[in-house]
Amino acid sequence: MINVSKKCIGCNKCVPVCPFAAIQLIDRKAVINEACTLCGACVQVCPVQAIEIAREEASTRDLTGHKGVWVFVELMQTQAGDKHPHKIRPVTFELLSIGRRLADELGEELSAILLTDKNAGFEKELGSYGADKVYLVENPELYEYNTDIFSTAIIALAHRHKPAIMLYGATIMGRDLAPRVASSLYTGLTADCTALAIKDGLLLQSRPAFGGNIMADILSPNSRPQMATVRPNVMKLAEPIYGKVALTVREDIKIDKSLRRVKVLERELSRETGGAKIEEARIIVSGGRGMKTKAGFKQLEELCRLLGGVVGASRGAVDMGLKEKSHQVGQSGTTVSPKLYLAFGISGAVQHIVGMKSSDVIVAVNKDPNAPIFNVAKYGVVGDAHEIAPKLIEALKKK
Ligand code: FAD
Ligand code: SF4
Ligand code: SF4
């Protein structure tokens, strides 16, 4: 239920922001018609809080008619000189890979939600990773990410098509966007899921809880869409099916630029972003508290340079000041999935393991034969990391 109270001063601010043209000004008062989807965009702009939305109790909602799995397509800027200014962030393909499995189990469609100022044929790539459909909103206001603009468009789409499940990457953008969409749709959100499945027709969302010591399984039986964020590198990437193109459905959503409350005036790249990113690395050489000193860590850096990888660290090493936080692997750091993960002097606490266990090959070096890291390692070396790292360096240099 939406209601315009006597406080309305007829300022007209709400009329242009409504994506569904549901508001008219009659006798200097806003009047809302049945096209309203309760998206909430007008509530944000009213200067006198004259618009109120009374939402129904979750348990009394009619959930029939919600169908399909949606994946939010995150775009990122390309390097200067590239053909297109944007490309699809890899986590999108990981979400489509798991989304395909969920959709197949439900016997429903998998759709990608693409918001952009200009589509660059992205439906080909999205289709190859399993999308049946791409809901495309093209609008000059979508040239860069903005919370108000993007959430308004997604909320409008969700009201129109009623998805059952919506997935986002647990990236800076996804973590900002998903909660806003969830609160406007009056539904829940499970952040940082490490596993997703279907149970009795519902989305089973699993994530670590209580500092990573237990896994919590979360179901949302009373609200739709069921929404989750998933960190990059957590879900296995499916093999792309080249030649499968998703059907593009162009969506006409009115987006008013006055919704944009934040403007990006300048961008500054931090020094850290210059090097290779740990989340995208194919080889990671990680050190833990067992490396003891910065000099010990330097050996790992040398080894890493010879292997062409990126240095990682446990939280223990970060807390000791041996490496910067941006290199931390694990639950409160970055989740990685390289081809090769070398762990030197890392015990293998559960909070570390959740961040690297999907690496293809794990090699652990630890002087304690009972260290838990050996439970996930394919190759284990019981010994002193300070002796083994220099030997590896020597061998690689000879090669
Ligand atoms: P330790 O557990 O102290 O292990 C050091 C290891 O080095 C030991 O196994 C020892 O046998 C070995 N060693 C010592 N000397 C040598 C040597 N000369 N040669 C070979 N081996 C040697 N941790 C993370 O890593 N990432 C996270 O994101 C993270 N998030 C967390 C979030 C929460 C909410 C909490 C509560 C904890 C988190 N932790 C995280 C911390 C985690 O619980 C562990 O404390 C941490 O991973 C331990 O780091 P470590 O393995 O380097 O140190
Ligand atoms: Fe329009 Fe959304 Fe306001 Fe309804 S809630 S009148 S759809 S802006
Ligand atoms: Fe009335 Fe508020 Fe709309 Fe202005 S923004 S016309 S005060 S309801």
# chains A, B, ... in the order shown; residues from 1 in each chain; ligands from 1
>>> residues_around(residues="A:Asn213", least_positions_apart="5", cutoff="10 Å", atoms="only C-alpha atoms", output="PyMOL selection string")
chain A and resi 208+349-351
>>> residues_near_ligand(ligand="ligand 1", cutoff="7 Å", atoms="only C-alpha atoms and all ligand atoms", output="VMD selection string")
chain A and resid 211 to 212 287 to 291 313 to 317 328 to 334 344 to 352 355 365 to 368 371 383 to 386
>>> select_by_dssp(residues="stretch 38-227 of chain A", states="strand (DSSP E or B)", output="ChimeraX atom specification")
/A:51-53,69-72,75-77,86-88,110-116,133-138,165-169,189-193,195-199,202-209,214-218,226-227
>>> closest_atom_pairs(of="chain A", to="ligand 3", cutoff="8 Å", atoms="only C-alpha atoms and all ligand atoms", output="JSON lines")
{"residue": "A:Val4", "atom": "CA", "partner": "ligand 3", "partner_atom_place_in_ligand_line": "8 (S)", "distance": 5.9}
{"residue": "A:Ser5", "atom": "CA", "partner": "ligand 3", "partner_atom_place_in_ligand_line": "8 (S)", "distance": 7.7}
{"residue": "A:Lys7", "atom": "CA", "partner": "ligand 3", "partner_atom_place_in_ligand_line": "7 (S)", "distance": 6.7}
{"residue": "A:Cys8", "atom": "CA", "partner": "ligand 3", "partner_atom_place_in_ligand_line": "1 (Fe)", "distance": 3.7}
{"residue": "A:Ile9", "atom": "CA", "partner": "ligand 3", "partner_atom_place_in_ligand_line": "7 (S)", "distance": 4.4}
{"residue": "A:Gly10", "atom": "CA", "partner": "ligand 3", "partner_atom_place_in_ligand_line": "6 (S)", "distance": 3.8}
{"residue": "A:Cys11", "atom": "CA", "partner": "ligand 3", "partner_atom_place_in_ligand_line": "4 (Fe)", "distance": 3.8}
{"residue": "A:Asn12", "atom": "CA", "partner": "ligand 3", "partner_atom_place_in_ligand_line": "6 (S)", "distance": 4.1}
{"residue": "A:Lys13", "atom": "CA", "partner": "ligand 3", "partner_atom_place_in_ligand_line": "5 (S)", "distance": 4.3}
{"residue": "A:Cys14", "atom": "CA", "partner": "ligand 3", "partner_atom_place_in_ligand_line": "5 (S)", "distance": 4.2}
{"residue": "A:Val15", "atom": "CA", "partner": "ligand 3", "partner_atom_place_in_ligand_line": "3 (Fe)", "distance": 6.5}
{"residue": "A:Leu25", "atom": "CA", "partner": "ligand 3", "partner_atom_place_in_ligand_line": "6 (S)", "distance": 6.8}
{"residue": "A:Arg28", "atom": "CA", "partner": "ligand 3", "partner_atom_place_in_ligand_line": "6 (S)", "distance": 7.3}
{"residue": "A:Lys29", "atom": "CA", "partner": "ligand 3", "partner_atom_place_in_ligand_line": "1 (Fe)", "distance": 5.8}
{"residue": "A:Ala30", "atom": "CA", "partner": "ligand 3", "partner_atom_place_in_ligand_line": "6 (S)", "distance": 4.8}
{"residue": "A:Cys42", "atom": "CA", "partner": "ligand 3", "partner_atom_place_in_ligand_line": "5 (S)", "distance": 6.8}
{"residue": "A:Val43", "atom": "CA", "partner": "ligand 3", "partner_atom_place_in_ligand_line": "2 (Fe)", "distance": 7.6}
{"residue": "A:Val45", "atom": "CA", "partner": "ligand 3", "partner_atom_place_in_ligand_line": "5 (S)", "distance": 6.0}
{"residue": "A:Cys46", "atom": "CA", "partner": "ligand 3", "partner_atom_place_in_ligand_line": "5 (S)", "distance": 3.6}
{"residue": "A:Pro47", "atom": "CA", "partner": "ligand 3", "partner_atom_place_in_ligand_line": "2 (Fe)", "distance": 5.9}
{"residue": "A:Val48", "atom": "CA", "partner": "ligand 3", "partner_atom_place_in_ligand_line": "7 (S)", "distance": 5.7}
{"residue": "A:Gln49", "atom": "CA", "partner": "ligand 3", "partner_atom_place_in_ligand_line": "2 (Fe)", "distance": 6.3}
{"residue": "A:Ala50", "atom": "CA", "partner": "ligand 3", "partner_atom_place_in_ligand_line": "2 (Fe)", "distance": 5.0}
{"residue": "A:Ile51", "atom": "CA", "partner": "ligand 3", "partner_atom_place_in_ligand_line": "8 (S)", "distance": 5.5}
>>> closest_atom_pairs(of="chain A", to="ligand 2", cutoff="7 Å", atoms="only C-alpha atoms and all ligand atoms", output="JSON lines")
{"residue": "A:Cys14", "atom": "CA", "partner": "ligand 2", "partner_atom_place_in_ligand_line": "8 (S)", "distance": 6.9}
{"residue": "A:Val17", "atom": "CA", "partner": "ligand 2", "partner_atom_place_in_ligand_line": "8 (S)", "distance": 6.0}
{"residue": "A:Cys18", "atom": "CA", "partner": "ligand 2", "partner_atom_place_in_ligand_line": "8 (S)", "distance": 3.5}
{"residue": "A:Pro19", "atom": "CA", "partner": "ligand 2", "partner_atom_place_in_ligand_line": "1 (Fe)", "distance": 6.0}
{"residue": "A:Phe20", "atom": "CA", "partner": "ligand 2", "partner_atom_place_in_ligand_line": "7 (S)", "distance": 5.3}
{"residue": "A:Ala21", "atom": "CA", "partner": "ligand 2", "partner_atom_place_in_ligand_line": "1 (Fe)", "distance": 6.3}
{"residue": "A:Ala22", "atom": "CA", "partner": "ligand 2", "partner_atom_place_in_ligand_line": "1 (Fe)", "distance": 4.9}
{"residue": "A:Ile23", "atom": "CA", "partner": "ligand 2", "partner_atom_place_in_ligand_line": "6 (S)", "distance": 5.4}
{"residue": "A:Ile32", "atom": "CA", "partner": "ligand 2", "partner_atom_place_in_ligand_line": "6 (S)", "distance": 5.6}
{"residue": "A:Ala35", "atom": "CA", "partner": "ligand 2", "partner_atom_place_in_ligand_line": "7 (S)", "distance": 6.7}
{"residue": "A:Cys36", "atom": "CA", "partner": "ligand 2", "partner_atom_place_in_ligand_line": "4 (Fe)", "distance": 3.7}
{"residue": "A:Thr37", "atom": "CA", "partner": "ligand 2", "partner_atom_place_in_ligand_line": "7 (S)", "distance": 4.5}
{"residue": "A:Leu38", "atom": "CA", "partner": "ligand 2", "partner_atom_place_in_ligand_line": "5 (S)", "distance": 3.8}
{"residue": "A:Cys39", "atom": "CA", "partner": "ligand 2", "partner_atom_place_in_ligand_line": "2 (Fe)", "distance": 3.9}
{"residue": "A:Gly40", "atom": "CA", "partner": "ligand 2", "partner_atom_place_in_ligand_line": "5 (S)", "distance": 4.0}
{"residue": "A:Ala41", "atom": "CA", "partner": "ligand 2", "partner_atom_place_in_ligand_line": "8 (S)", "distance": 4.3}
{"residue": "A:Cys42", "atom": "CA", "partner": "ligand 2", "partner_atom_place_in_ligand_line": "8 (S)", "distance": 4.1}
{"residue": "A:Val43", "atom": "CA", "partner": "ligand 2", "partner_atom_place_in_ligand_line": "3 (Fe)", "distance": 6.4}
>>> write_last_selection(atoms="all heavy atoms", output="mmCIF file, in the first residue's frame")
data_model
loop_
_atom_site.group_PDB
_atom_site.id
_atom_site.type_symbol
_atom_site.label_atom_id
_atom_site.label_comp_id
_atom_site.auth_asym_id
_atom_site.auth_seq_id
_atom_site.Cartn_x
_atom_site.Cartn_y
_atom_site.Cartn_z
ATOM 1 N N CYS A 14 8.675 13.981 -7.202
ATOM 2 C CA CYS A 14 8.469 12.534 -7.299
ATOM 3 C C CYS A 14 8.076 12.099 -8.721
ATOM 4 O O CYS A 14 8.364 10.972 -9.132
ATOM 5 C CB CYS A 14 7.400 12.088 -6.308
ATOM 6 S SG CYS A 14 5.847 12.977 -6.516
ATOM 7 N N VAL A 17 10.883 10.836 -11.232
ATOM 8 C CA VAL A 17 11.719 9.691 -10.823
ATOM 9 C C VAL A 17 10.980 8.356 -10.887
ATOM 10 O O VAL A 17 11.595 7.296 -10.801
ATOM 11 C CB VAL A 17 12.320 9.852 -9.387
ATOM 12 C CG1 VAL A 17 13.141 11.108 -9.266
ATOM 13 C CG2 VAL A 17 11.265 9.772 -8.313
ATOM 14 N N CYS A 18 9.669 8.378 -11.028
ATOM 15 C CA CYS A 18 8.929 7.111 -11.032
ATOM 16 C C CYS A 18 9.221 6.338 -12.325
ATOM 17 O O CYS A 18 8.909 6.794 -13.427
ATOM 18 C CB CYS A 18 7.429 7.368 -10.916
ATOM 19 S SG CYS A 18 6.506 5.824 -11.030
ATOM 20 N N PRO A 19 9.827 5.146 -12.228
ATOM 21 C CA PRO A 19 10.170 4.397 -13.451
ATOM 22 C C PRO A 19 8.935 3.899 -14.194
ATOM 23 O O PRO A 19 9.024 3.464 -15.333
ATOM 24 C CB PRO A 19 11.001 3.213 -12.936
ATOM 25 C CG PRO A 19 11.261 3.446 -11.496
ATOM 26 C CD PRO A 19 10.243 4.423 -11.016
ATOM 27 N N PHE A 20 7.757 3.921 -13.541
ATOM 28 C CA PHE A 20 6.553 3.353 -14.159
ATOM 29 C C PHE A 20 5.500 4.414 -14.509
ATOM 30 O O PHE A 20 4.359 4.070 -14.785
ATOM 31 C CB PHE A 20 5.957 2.297 -13.218
ATOM 32 C CG PHE A 20 6.915 1.178 -12.983
ATOM 33 C CD1 PHE A 20 7.703 1.153 -11.842
ATOM 34 C CD2 PHE A 20 7.090 0.179 -13.918
ATOM 35 C CE1 PHE A 20 8.620 0.144 -11.636
ATOM 36 C CE2 PHE A 20 8.003 -0.835 -13.723
ATOM 37 C CZ PHE A 20 8.774 -0.857 -12.582
ATOM 38 N N ALA A 21 5.897 5.663 -14.494
ATOM 39 C CA ALA A 21 4.978 6.767 -14.783
ATOM 40 C C ALA A 21 3.680 6.623 -13.984
ATOM 41 O O ALA A 21 2.587 6.793 -14.519
ATOM 42 C CB ALA A 21 4.694 6.843 -16.286
ATOM 43 N N ALA A 22 3.813 6.291 -12.703
ATOM 44 C CA ALA A 22 2.622 6.009 -11.879
ATOM 45 C C ALA A 22 2.147 7.228 -11.090
ATOM 46 O O ALA A 22 1.149 7.140 -10.380
ATOM 47 C CB ALA A 22 2.937 4.859 -10.921
ATOM 48 N N ILE A 23 2.867 8.365 -11.212
ATOM 49 C CA ILE A 23 2.478 9.539 -10.395
ATOM 50 C C ILE A 23 2.064 10.695 -11.306
ATOM 51 O O ILE A 23 2.728 10.994 -12.292
ATOM 52 C CB ILE A 23 3.648 10.015 -9.494
ATOM 53 C CG1 ILE A 23 4.327 8.831 -8.790
ATOM 54 C CG2 ILE A 23 3.146 11.028 -8.461
ATOM 55 C CD1 ILE A 23 5.524 9.203 -7.951
ATOM 56 N N ILE A 32 -1.111 8.715 -6.994
ATOM 57 C CA ILE A 32 -0.408 7.522 -7.489
ATOM 58 C C ILE A 32 -1.418 6.513 -8.018
ATOM 59 O O ILE A 32 -2.413 6.210 -7.349
ATOM 60 C CB ILE A 32 0.458 6.923 -6.358
ATOM 61 C CG1 ILE A 32 1.518 7.963 -5.957
ATOM 62 C CG2 ILE A 32 1.121 5.622 -6.788
ATOM 63 C CD1 ILE A 32 2.431 7.576 -4.834
ATOM 64 N N ALA A 35 -0.315 1.584 -11.602
ATOM 65 C CA ALA A 35 0.946 1.126 -12.223
ATOM 66 C C ALA A 35 2.085 1.064 -11.203
ATOM 67 O O ALA A 35 3.155 0.531 -11.482
ATOM 68 C CB ALA A 35 1.334 2.066 -13.367
ATOM 69 N N CYS A 36 1.841 1.600 -10.013
ATOM 70 C CA CYS A 36 2.884 1.627 -8.973
ATOM 71 C C CYS A 36 3.292 0.202 -8.579
ATOM 72 O O CYS A 36 2.444 -0.664 -8.372
ATOM 73 C CB CYS A 36 2.360 2.374 -7.762
ATOM 74 S SG CYS A 36 3.440 2.237 -6.344
ATOM 75 N N THR A 37 4.608 -0.018 -8.496
ATOM 76 C CA THR A 37 5.117 -1.339 -8.089
ATOM 77 C C THR A 37 5.720 -1.296 -6.683
ATOM 78 O O THR A 37 6.405 -2.233 -6.272
ATOM 79 C CB THR A 37 6.216 -1.809 -9.058
ATOM 80 O OG1 THR A 37 7.289 -0.880 -8.981
ATOM 81 C CG2 THR A 37 5.733 -1.932 -10.484
ATOM 82 N N LEU A 38 5.555 -0.201 -5.994
ATOM 83 C CA LEU A 38 6.114 -0.013 -4.643
ATOM 84 C C LEU A 38 7.640 -0.061 -4.654
ATOM 85 O O LEU A 38 8.264 -0.555 -3.709
ATOM 86 C CB LEU A 38 5.577 -1.069 -3.662
ATOM 87 C CG LEU A 38 4.063 -1.148 -3.464
ATOM 88 C CD1 LEU A 38 3.734 -2.210 -2.420
ATOM 89 C CD2 LEU A 38 3.487 0.180 -3.042
ATOM 90 N N CYS A 39 8.255 0.450 -5.735
ATOM 91 C CA CYS A 39 9.720 0.377 -5.820
ATOM 92 C C CYS A 39 10.400 1.302 -4.821
ATOM 93 O O CYS A 39 11.557 1.101 -4.470
ATOM 94 C CB CYS A 39 10.197 0.691 -7.231
ATOM 95 S SG CYS A 39 10.152 2.454 -7.616
ATOM 96 N N GLY A 40 9.713 2.347 -4.392
ATOM 97 C CA GLY A 40 10.264 3.208 -3.338
ATOM 98 C C GLY A 40 11.080 4.385 -3.847
ATOM 99 O O GLY A 40 11.545 5.209 -3.056
ATOM 100 N N ALA A 41 11.260 4.507 -5.169
ATOM 101 C CA ALA A 41 12.100 5.599 -5.695
ATOM 102 C C ALA A 41 11.546 6.968 -5.314
ATOM 103 O O ALA A 41 12.297 7.888 -4.985
ATOM 104 C CB ALA A 41 12.220 5.482 -7.208
ATOM 105 N N CYS A 42 10.222 7.122 -5.344
ATOM 106 C CA CYS A 42 9.629 8.427 -5.044
ATOM 107 C C CYS A 42 9.793 8.792 -3.563
ATOM 108 O O CYS A 42 9.957 9.955 -3.212
ATOM 109 C CB CYS A 42 8.161 8.444 -5.436
ATOM 110 S SG CYS A 42 7.204 7.139 -4.645
ATOM 111 N N VAL A 43 9.788 7.776 -2.708
ATOM 112 C CA VAL A 43 9.901 8.024 -1.257
ATOM 113 C C VAL A 43 11.227 8.725 -0.962
ATOM 114 O O VAL A 43 11.297 9.643 -0.153
ATOM 115 C CB VAL A 43 9.801 6.692 -0.471
ATOM 116 C CG1 VAL A 43 9.952 6.919 1.021
ATOM 117 C CG2 VAL A 43 8.476 5.999 -0.779
#
>>> closest_residue(among="A:Asp27, A:Glu394, A:Asp82, A:Glu123", to="A:Gly243", atoms="only C-alpha atoms")
A:Glu123
>>> atom_distance(atom1="atom CA of A:Ile149", atom2="atom CA of A:Pro221")
29.1 Å
>>> closest_residue(among="A:Tyr242, A:Phe72, A:Tyr186, A:Tyr168", to="A:Val137", atoms="only C-alpha atoms")
A:Phe72
>>> residues_around(residues="A:Ser184", least_positions_apart="4", cutoff="12 Å", atoms="only C-alpha atoms", output="number ranges by chain")
A: 37-41, 43-44, 53-55, 148, 151-156, 158-159, 177-180, 188-189, 224-225
>>> atom_distance(atom1="atom CA of A:Leu247", atom2="atom CA of A:Met227")
23.4 Å
>>> residues_around(residues="A:His86", least_positions_apart="6", cutoff="8 Å", atoms="only C-alpha atoms", output="list in words")
Leu75, Met76, Gln77 and Thr78 of chain A
>>> atom_distance(atom1="atom CA of A:Pro16", atom2="atom CA of A:Glu34")
16.7 Å
>>> closest_residue(among="A:Ile278, A:Leu185, A:Ile88, A:Leu106", to="A:Ala120", atoms="only C-alpha atoms")
A:Ile88
>>> select_by_dssp(residues="stretch 19-165 of chain A", states="alpha helix (DSSP H)", output="PyMOL selection string")
chain A and resi 41-45+91-106+122-128+147-161
>>> closest_atom_pairs(of="stretch 73-177 of chain A", to="stretch 250-271 of chain A", cutoff="10 Å", atoms="only C-alpha atoms", output="tab-separated table")
residue	atom	partner	partner_atom	distance
A:Leu114	CA	A:Arg250	CA	9.8
A:Leu115	CA	A:Glu251	CA	9.9
A:Val134	CA	A:Arg250	CA	8.2
A:Tyr135	CA	A:Arg250	CA	6.1
A:Leu136	CA	A:Arg250	CA	4.9
A:Val137	CA	A:Glu251	CA	5.3
A:Glu138	CA	A:Arg250	CA	7.9
A:Asn139	CA	A:Ile255	CA	7.8
A:Pro140	CA	A:Ile255	CA	9.4
A:Glu141	CA	A:Lys257	CA	6.6
A:Leu142	CA	A:Ile255	CA	9.0
A:Glu144	CA	A:Val264	CA	9.2
A:Tyr145	CA	A:Val264	CA	9.6
A:Asn146	CA	A:Arg260	CA	7.0
A:Thr147	CA	A:Arg260	CA	7.9
A:Asp148	CA	A:Arg260	CA	5.8
A:Ile149	CA	A:Arg260	CA	6.1
A:Phe150	CA	A:Ile255	CA	9.2
A:Thr152	CA	A:Ile255	CA	7.7
A:Ala153	CA	A:Ile253	CA	6.5
A:Ile154	CA	A:Ile253	CA	9.4
A:Ala156	CA	A:Ile253	CA	7.3
A:Leu157	CA	A:Ile253	CA	7.9
A:Arg160	CA	A:Glu251	CA	9.9
